[in-house]
>>> print(open('upload07.tsv').read())   # TSV, C-alpha atoms
chain	number	residue	atom	x	y	z
A	3	MET	CA	109.03	82.35	31.79
A	4	GLU	CA	107.20	79.16	32.82
A	5	ARG	CA	108.40	77.48	29.63
A	6	ARG	CA	112.03	78.31	30.49
A	7	ILE	CA	111.62	76.88	34.00
A	8	SER	CA	110.20	73.61	32.63
A	9	THR	CA	113.14	73.28	30.26
A	10	LEU	CA	115.64	73.79	33.08
A	11	ILE	CA	113.89	71.15	35.23
A	12	LEU	CA	114.03	68.57	32.42
A	13	LEU	CA	117.68	69.35	31.76
A	14	SER	CA	118.60	68.95	35.42
A	15	LEU	CA	116.80	65.60	35.59
A	16	ALA	CA	118.66	64.36	32.54
A	17	LEU	CA	122.03	65.46	33.89
A	18	SER	CA	121.35	63.86	37.26
A	19	GLY	CA	121.57	60.40	35.64
A	20	VAL	CA	124.85	61.02	33.89
A	21	GLY	CA	127.65	58.96	35.39
A	22	ALA	CA	125.24	56.85	37.48
A	23	LEU	CA	125.19	53.04	37.56
A	24	ASN	CA	123.68	51.59	34.38
A	25	VAL	CA	122.95	47.90	33.63
A	26	VAL	CA	121.99	46.82	30.10
A	27	ILE	CA	120.85	43.59	28.40
A	28	PRO	CA	120.92	44.24	24.63
A	29	GLN	CA	117.75	42.34	23.67
A	30	PRO	CA	114.39	41.92	25.40
A	31	LEU	CA	114.09	38.32	24.16
A	32	TYR	CA	116.46	35.48	23.27
A	33	GLU	CA	115.46	32.24	21.53
A	34	TYR	CA	117.49	29.05	21.59
A	35	ALA	CA	116.79	25.38	20.87
A	36	ARG	CA	116.47	22.91	23.72
A	37	GLY	CA	119.83	21.37	24.63
A	38	ASP	CA	121.91	24.37	23.50
A	39	ASN	CA	124.69	25.94	25.55
A	40	ILE	CA	123.88	29.66	25.65
A	41	THR	CA	125.12	33.04	26.89
A	42	LEU	CA	122.83	35.84	28.05
A	43	PRO	CA	124.85	39.09	27.82
A	44	CYS	CA	124.80	41.77	30.50
A	45	THR	CA	126.91	44.97	30.51
A	46	PHE	CA	127.24	47.69	33.10
A	47	THR	CA	128.90	51.06	33.66
A	48	LEU	CA	129.89	52.54	37.00
A	49	LYS	CA	130.07	56.13	38.07
A	50	PRO	CA	133.15	57.69	36.37
A	51	GLY	CA	136.20	57.84	38.57
A	52	SER	CA	134.69	55.60	41.25
A	53	THR	CA	136.56	52.56	42.56
A	54	PRO	CA	133.98	50.79	44.71
A	55	PRO	CA	135.53	48.45	47.29
A	56	LEU	CA	132.70	45.97	46.86
A	57	ILE	CA	130.47	44.97	43.94
A	58	PHE	CA	127.74	42.34	44.12
A	59	ILE	CA	126.40	40.93	40.81
A	60	SER	CA	123.49	38.49	40.57
A	61	TRP	CA	121.29	36.75	38.01
A	62	SER	CA	117.74	35.80	38.94
A	63	ILE	CA	114.89	33.99	37.20
A	64	GLU	CA	111.17	34.56	37.37
A	65	GLY	CA	108.37	32.45	35.91
A	66	VAL	CA	106.34	33.89	33.07
A	67	ALA	CA	103.05	33.34	34.93
A	68	ALA	CA	101.47	36.18	36.87
A	69	ASN	CA	102.76	36.61	40.44
A	70	ALA	CA	105.57	34.14	39.80
A	71	LYS	CA	108.30	33.97	42.44
A	72	GLU	CA	111.73	35.40	41.67
A	73	THR	CA	114.69	33.12	42.47
A	74	GLN	CA	118.37	34.05	42.51
A	75	ILE	CA	120.36	31.36	40.68
A	76	ILE	CA	123.94	32.71	40.73
A	77	SER	CA	125.87	35.57	42.34
A	78	TYR	CA	129.38	37.01	42.10
A	79	TYR	CA	131.37	38.96	44.70
A	80	HIS	CA	134.09	41.45	43.78
A	81	PRO	CA	136.98	41.74	44.62
A	82	SER	CA	137.01	38.28	46.28
A	83	LYS	CA	135.87	36.68	42.98
A	84	ILE	CA	133.65	34.24	44.81
A	85	THR	CA	130.78	32.73	42.84
A	86	ASP	CA	127.74	31.23	44.55
A	87	VAL	CA	125.48	28.97	42.45
A	88	LYS	CA	122.07	27.69	43.51
A	89	LYS	CA	122.15	23.90	43.94
A	90	VAL	CA	119.61	23.24	41.17
A	91	TYR	CA	121.91	25.01	38.67
A	92	GLU	CA	125.23	23.58	39.80
A	93	GLY	CA	127.21	22.35	36.80
A	94	ARG	CA	124.97	24.24	34.37
A	95	ALA	CA	125.23	27.91	35.33
A	96	SER	CA	128.33	30.14	35.46
A	97	MET	CA	129.22	33.82	35.10
A	98	ASP	CA	131.73	35.48	32.81
A	99	VAL	CA	132.65	38.64	34.73
A	100	ASP	CA	135.10	41.44	33.86
A	101	ILE	CA	134.74	44.47	36.11
A	102	ASN	CA	137.09	46.66	34.05
A	103	SER	CA	135.16	46.16	30.81
A	104	GLY	CA	131.76	46.06	32.51
A	105	LYS	CA	130.77	42.50	31.63
A	106	ALA	CA	128.61	40.10	33.67
A	107	ASN	CA	127.36	37.47	31.22
A	108	LEU	CA	125.35	34.44	32.31
A	109	LYS	CA	126.23	31.07	30.77
A	110	LEU	CA	123.75	28.18	30.78
A	111	ASN	CA	124.48	24.68	29.50
A	112	SER	CA	121.97	22.17	28.10
A	113	ILE	CA	118.93	24.38	28.46
A	114	THR	CA	115.53	22.76	28.99
A	115	LEU	CA	111.91	23.83	28.99
A	116	GLU	CA	112.34	24.63	32.68
A	117	ASP	CA	114.61	27.52	31.62
A	118	ASN	CA	111.74	29.11	29.69
A	119	LYS	CA	111.61	32.13	32.03
A	120	ASN	CA	112.35	35.81	32.59
A	121	PHE	CA	115.95	36.61	33.59
A	122	GLU	CA	117.30	39.62	35.49
A	123	CYS	CA	120.89	40.89	35.76
A	124	ARG	CA	121.45	43.14	38.81
A	125	LEU	CA	124.40	45.07	40.33
A	126	ASN	CA	124.61	46.25	43.90
A	127	VAL	CA	127.31	48.86	44.57
A	128	PRO	CA	127.52	50.37	48.06
A	129	GLY	CA	127.00	54.13	47.89
A	130	ASP	CA	125.78	54.05	44.27
A	131	ASP	CA	122.01	53.56	44.19
A	132	GLU	CA	121.23	55.98	41.38
A	133	GLY	CA	120.64	55.13	37.74
A	134	LYS	CA	119.54	51.70	36.48
A	135	PRO	CA	120.92	48.86	38.64
A	136	ALA	CA	119.10	46.01	36.82
A	137	ALA	CA	117.99	44.85	33.37
A	138	ASN	CA	115.60	42.09	32.23
A	139	THR	CA	115.20	39.74	29.30
A	140	ARG	CA	113.10	36.72	28.34
A	141	LEU	CA	114.55	33.32	27.38
A	142	VAL	CA	112.40	31.22	25.05
A	143	VAL	CA	113.51	27.60	24.74
A	144	LEU	CA	112.43	26.31	21.33
A	145	VAL	CA	111.00	22.77	21.19
A	146	ALA	CA	109.31	21.21	18.17
A	147	PRO	CA	105.77	19.93	18.81
A	148	SER	CA	105.58	16.28	19.77
A	149	THR	CA	103.37	14.05	17.62
A	150	PRO	CA	99.84	15.05	18.64
A	151	ILE	CA	97.26	12.60	19.98
A	152	CYS	CA	93.90	12.58	18.17
A	153	LYS	CA	90.72	11.36	19.87
A	154	ILE	CA	86.96	11.20	19.24
A	155	GLU	CA	84.73	12.47	22.05
A	156	GLY	CA	81.09	11.40	21.82
A	157	LYS	CA	79.10	8.78	19.89
A	158	ALA	CA	79.63	8.65	16.13
A	159	GLU	CA	75.91	8.18	15.40
A	160	TYR	CA	73.44	10.02	13.20
A	161	GLY	CA	72.22	13.27	14.76
A	162	GLN	CA	74.88	13.42	17.49
A	163	ASN	CA	77.31	16.26	18.30
A	164	ILE	CA	80.93	15.15	18.69
A	165	ASN	CA	84.40	16.64	19.19
A	166	LEU	CA	87.66	15.61	17.56
A	167	THR	CA	90.54	16.58	19.86
A	168	CYS	CA	94.22	17.10	19.04
A	169	LYS	CA	96.97	17.74	21.60
A	170	SER	CA	100.80	17.76	21.58
A	171	GLU	CA	102.34	16.89	24.93
A	172	GLU	CA	105.16	19.40	24.40
A	173	GLY	CA	106.16	22.27	22.17
A	174	SER	CA	107.67	25.73	22.67
A	175	PRO	CA	106.40	28.19	21.70
A	176	ALA	CA	103.02	26.61	22.36
A	177	PRO	CA	101.87	24.96	19.11
A	178	THR	CA	98.82	25.99	17.13
A	179	TYR	CA	96.40	23.40	15.73
A	180	LYS	CA	94.52	23.11	12.45
A	181	TRP	CA	92.07	20.43	11.26
A	182	ASP	CA	91.52	19.35	7.65
A	183	SER	CA	89.10	16.71	6.37
A	184	ARG	CA	88.37	14.59	3.30
A	185	ASP	CA	85.30	12.53	2.42
A	186	VAL	CA	85.18	8.74	2.14
A	187	GLN	CA	86.43	9.07	-1.45
A	188	ASN	CA	89.50	10.90	-0.05
A	189	MET	CA	88.47	14.13	-1.76
A	190	PRO	CA	88.68	17.59	-0.11
A	191	ARG	CA	85.30	18.91	1.00
A	192	VAL	CA	83.73	22.17	2.07
A	193	ARG	CA	83.42	22.45	5.84
A	194	ASP	CA	79.95	22.70	7.36
A	195	PRO	CA	79.42	26.34	8.47
A	196	ARG	CA	78.38	25.13	11.93
A	197	THR	CA	81.71	23.36	12.47
A	198	THR	CA	84.20	25.11	14.77
A	199	ASP	CA	87.97	24.60	15.04
A	200	LYS	CA	89.47	26.13	18.17
A	201	GLY	CA	92.51	25.20	20.25
A	202	GLY	CA	92.84	21.76	18.70
A	203	VAL	CA	89.14	20.88	19.17
A	204	LEU	CA	87.05	20.35	16.03
A	205	SER	CA	83.35	20.43	16.95
A	206	LEU	CA	80.94	18.64	14.59
A	207	PHE	CA	77.18	19.12	14.96
A	208	ASN	CA	74.21	16.94	13.92
A	209	ILE	CA	76.53	14.49	12.19
A	210	SER	CA	75.35	12.19	9.40
A	211	LYS	CA	76.70	9.67	6.90
A	212	ASP	CA	78.20	12.59	4.94
A	213	THR	CA	80.34	13.50	7.98
A	214	SER	CA	82.25	10.22	7.64
A	215	GLY	CA	85.75	10.49	6.21
A	216	TYR	CA	89.38	11.16	7.03
A	217	TYR	CA	90.43	13.93	9.43
A	218	THR	CA	93.98	15.27	9.87
A	219	CYS	CA	95.23	17.57	12.65
A	220	THR	CA	98.44	19.57	12.21
A	221	SER	CA	100.29	20.81	15.30
A	222	SER	CA	102.91	23.46	14.47
A	223	ASN	CA	105.14	26.18	15.89
A	224	LYS	CA	108.00	28.24	14.47
A	225	ILE	CA	110.36	25.22	14.44
A	226	ARG	CA	108.35	22.51	12.67
A	227	SER	CA	105.04	20.64	12.60
A	228	ALA	CA	103.59	17.18	13.33
A	229	THR	CA	100.31	15.50	12.42
A	230	CYS	CA	97.84	12.83	13.52
A	231	ASN	CA	94.89	11.23	11.69
A	232	ILE	CA	91.42	9.93	12.51
A	233	THR	CA	89.05	7.87	10.35
A	234	LEU	CA	85.47	8.78	11.29
A	235	THR	CA	82.63	6.37	10.46
A	236	VAL	CA	79.15	7.65	11.33
A	237	MET	CA	76.47	4.93	11.68
A	238	PRO	CA	72.76	4.72	12.59
A	239	PRO	CA	72.15	4.27	16.34
A	240	SER	CA	71.12	0.60	15.88
A	241	MET	CA	74.27	-0.18	13.89
A	242	ASN	CA	76.90	0.98	16.29
A	243	ILE	CA	79.84	-1.25	16.97
A	244	GLY	CA	78.72	-2.20	20.47
A	245	SER	CA	75.30	-3.45	19.32
A	246	THR	CA	76.79	-5.34	16.38
A	247	ALA	CA	79.33	-7.03	18.63
A	248	GLY	CA	76.55	-8.00	21.06
A	249	ILE	CA	74.46	-9.54	18.28
A	250	ILE	CA	77.42	-11.52	16.94
A	251	ALA	CA	78.27	-12.78	20.43
A	252	GLY	CA	74.66	-13.89	20.98
A	253	VAL	CA	74.52	-15.79	17.69
A	254	VAL	CA	77.83	-17.55	18.40
A	255	ALA	CA	76.64	-18.55	21.89
A	256	ALA	CA	73.39	-19.96	20.46
A	257	LEU	CA	75.29	-22.00	17.85
A	258	VAL	CA	77.61	-23.43	20.49
A	259	ALA	CA	74.64	-24.42	22.67
A	260	LEU	CA	72.91	-26.08	19.70
A	261	ILE	CA	76.04	-28.09	18.84
A	262	VAL	CA	76.34	-29.29	22.46
A	263	ILE	CA	72.67	-30.40	22.52
A	264	ILE	CA	73.01	-32.31	19.23
A	265	TYR	CA	76.16	-34.02	20.46
A	266	CYS	CA	74.51	-35.11	23.71
A	267	CYS	CA	71.48	-36.50	21.84
A	268	CYS	CA	73.73	-38.51	19.50
A	269	CYS	CA	75.68	-39.98	22.42
A	270	ARG	CA	72.47	-41.00	24.23
A	271	LYS	CA	71.02	-42.70	21.11
A	272	LYS	CA	74.24	-44.65	20.54
A	273	LYS	CA	74.21	-45.90	24.11
A	274	LYS	CA	70.62	-47.18	23.81
A	275	ASP	CA	71.44	-49.04	20.60
A	276	GLU	CA	74.33	-50.83	22.31
A	277	GLU	CA	72.16	-51.86	25.26
A	278	TYR	CA	69.49	-53.26	22.90
A	279	ALA	CA	72.03	-55.38	20.98
A	280	MET	CA	73.39	-56.92	24.17
A	281	GLY	CA	69.89	-57.86	25.38
A	282	VAL	CA	69.09	-59.90	22.21
A	283	ARG	CA	72.24	-62.02	22.58
A	284	GLU	CA	71.40	-62.88	26.15
A	285	GLU	CA	68.02	-64.24	25.04
A	286	GLU	CA	69.56	-66.46	22.35
A	287	TYR	CA	71.94	-68.27	24.70
A	288	HIS	CA	71.63	-69.20	28.34
A	289	ASP	CA	74.39	-70.11	30.69
A	290	GLU	CA	75.93	-73.50	29.84
A	291	GLU	CA	74.87	-76.29	32.22
A	292	PRO	CA	77.04	-79.26	33.32
A	293	ASP	CA	76.60	-82.59	31.50
A	294	LYS	CA	75.27	-85.78	33.17
A	295	ASN	CA	78.67	-86.47	34.73
A	296	GLY	CA	78.74	-82.99	36.35
A	297	LYS	CA	81.35	-81.60	33.95
A	298	ARG	CA	81.10	-78.44	31.90
A	299	PRO	CA	81.94	-78.52	28.22
A	300	PRO	CA	85.31	-77.18	27.09
A	301	ALA	CA	85.62	-73.43	26.62
A	302	ASP	CA	86.12	-73.87	22.90
A	303	ARG	CA	82.94	-75.96	22.50
A	304	PRO	CA	80.10	-74.05	20.92
A	305	PRO	CA	77.26	-73.17	23.27
A	306	VAL	CA	74.35	-75.58	23.60
A	307	PRO	CA	70.99	-74.26	22.50
A	308	SER	CA	68.52	-73.78	25.31
A	309	ASN	CA	66.03	-76.28	23.79
A	310	PRO	CA	68.06	-79.03	22.04
A	311	LYS	CA	66.18	-81.46	19.80
A	312	PRO	CA	66.00	-85.04	21.19
A	313	THR	CA	68.18	-87.61	19.43
A	314	ARG	CA	67.30	-91.25	18.62
A	315	ARG	CA	69.53	-92.49	21.39
A	316	ASP	CA	67.60	-90.51	23.88
A	317	TYR	CA	64.39	-92.26	22.79
A	318	ASP	CA	66.06	-95.67	23.13
A	319	ASP	CA	67.10	-94.86	26.70
>>> encode(input="upload07.tsv", output="structure tokens")
Amino acid sequence: MERRISTLILLSLALSGVGALNVVIPQPLYEYARGDNITLPCTFTLKPGSTPPLIFISWSIEGVAANAKETQIISYYHPSKITDVKKVYEGRASMDVDINSGKANLKLNSITLEDNKNFECRLNVPGDDEGKPAANTRLVVLVAPSTPICKIEGKAEYGQNINLTCKSEEGSPAPTYKWDSRDVQNMPRVRDPRTTDKGGVLSLFNISKDTSGYYTCTSSNKIRSATCNITLTVMPPSMNIGSTAGIIAGVVAALVALIVIIYCCCCRKKKKDEEYAMGVREEEYHDEEPDKNGKRPPADRPPVPSNPKPTRRDYDD
């Protein structure tokens, strides 16, 4: 008896939904490439024999994150055939509506990553609140991964722990990352069991000379892949690039200072030699004196020695 009652209850519940409002989106997920013009289909059925004086149809979006806010982007009013589009979607969103055939498709032009959201198609019919008035789907905008950026975090010195990072600025679905490495001879090598590769971060522990080599990161999703490369050179702590550069700079500065000192010494010695030569000439010749008549000799006359030898005429005088 109880079994018969349960069957009757289930049957009555099933029949209660027959002829009620029903909204359907055929697929739970749609995937399109960025920049495509797309159509998200939505069909509906009304209660048989009903001719509602007013039907309100709307499409809304909701972010994929938890507790995301739902926003209505476009709505349609029947029988006035008025369409109201949210300002952000003007020129991109429209509705293809046919009440008789039960169609309320959403059309979106030039989709972007911002359209990567959940979409809802909903009908409001006065006096008909039974059945399923709304349906949902997810739009995934496909974008190939951008060329990833590879970086080294930490000091590439013996005994250090470092991370090699790899990140694509964009990609939908979110790209996955994989690191591969080769030794300095460009030969594949077995990865150290302590090494971890997670989320684009390759962690290397207690690195040594053998860790040096070529590292390649591949960023990929269902569309395509992109790569970036790093050349890792592990050196002793005293041979890092900063110390080497400092030593070279110091040596260059010392050489420049030495050259300046030598140049100054040479200039000073040359000046002393010139002064000495001028002093000797002044001792050899004195200023020319006037003759007995008070006249100086012509300019082209050779200078008179300071101690001229007496002539015979002088003795006669």
>>> atom_distance(input="upload07.tsv", atom1="CA of Glu33 (chain A)", atom2="CA of Ser77 (chain A)")
23.5 Å
>>> residues_around(input="upload07.tsv", residues="region 89-101 of chain A", least_positions_apart="6", cutoff="6 Å", atoms="only C-alpha atoms", output="VMD selection string")
chain A and resid 107 to 111
>>> residues_around(input="upload07.tsv", residues="Thr47 (chain A)", least_positions_apart="3", cutoff="7 Å", atoms="all atoms listed in the file", output="list in words")
Leu23, Asn24, Val25 and Gly104 of chain A
>>> closest_residue(input="upload07.tsv", among="A:Asn223, A:Thr213, A:Thr218, A:Thr149", to="Gln162 (chain A)", atoms="only C-alpha atoms")
A:Thr213
>>> closest_residue(input="upload07.tsv", among="A:Asn120, A:Arg140, A:Leu204, A:Ser227", to="Glu172 (chain A)", atoms="all atoms listed in the file")
A:Ser227
>>> closest_residue(input="upload07.tsv", among="A:Pro30, A:Gly215, A:Pro55, A:Gly65", to="Asn231 (chain A)", atoms="only C-alpha atoms")
A:Gly215
>>> residues_around(input="upload07.tsv", residues="Pro190 (chain A)", least_positions_apart="4", cutoff="12 Å", atoms="all atoms listed in the file", output="MDAnalysis selection string")
chainID A and resid 182:186 215:218
>>> closest_residue(input="upload07.tsv", among="A:Pro150, A:Pro195, A:Gly161, A:Gly156", to="Thr229 (chain A)", atoms="all atoms listed in the file")
A:Pro150
>>> atom_distance(input="upload07.tsv", atom1="CA of Gly129 (chain A)", atom2="CA of Ile76 (chain A)")
22.8 Å
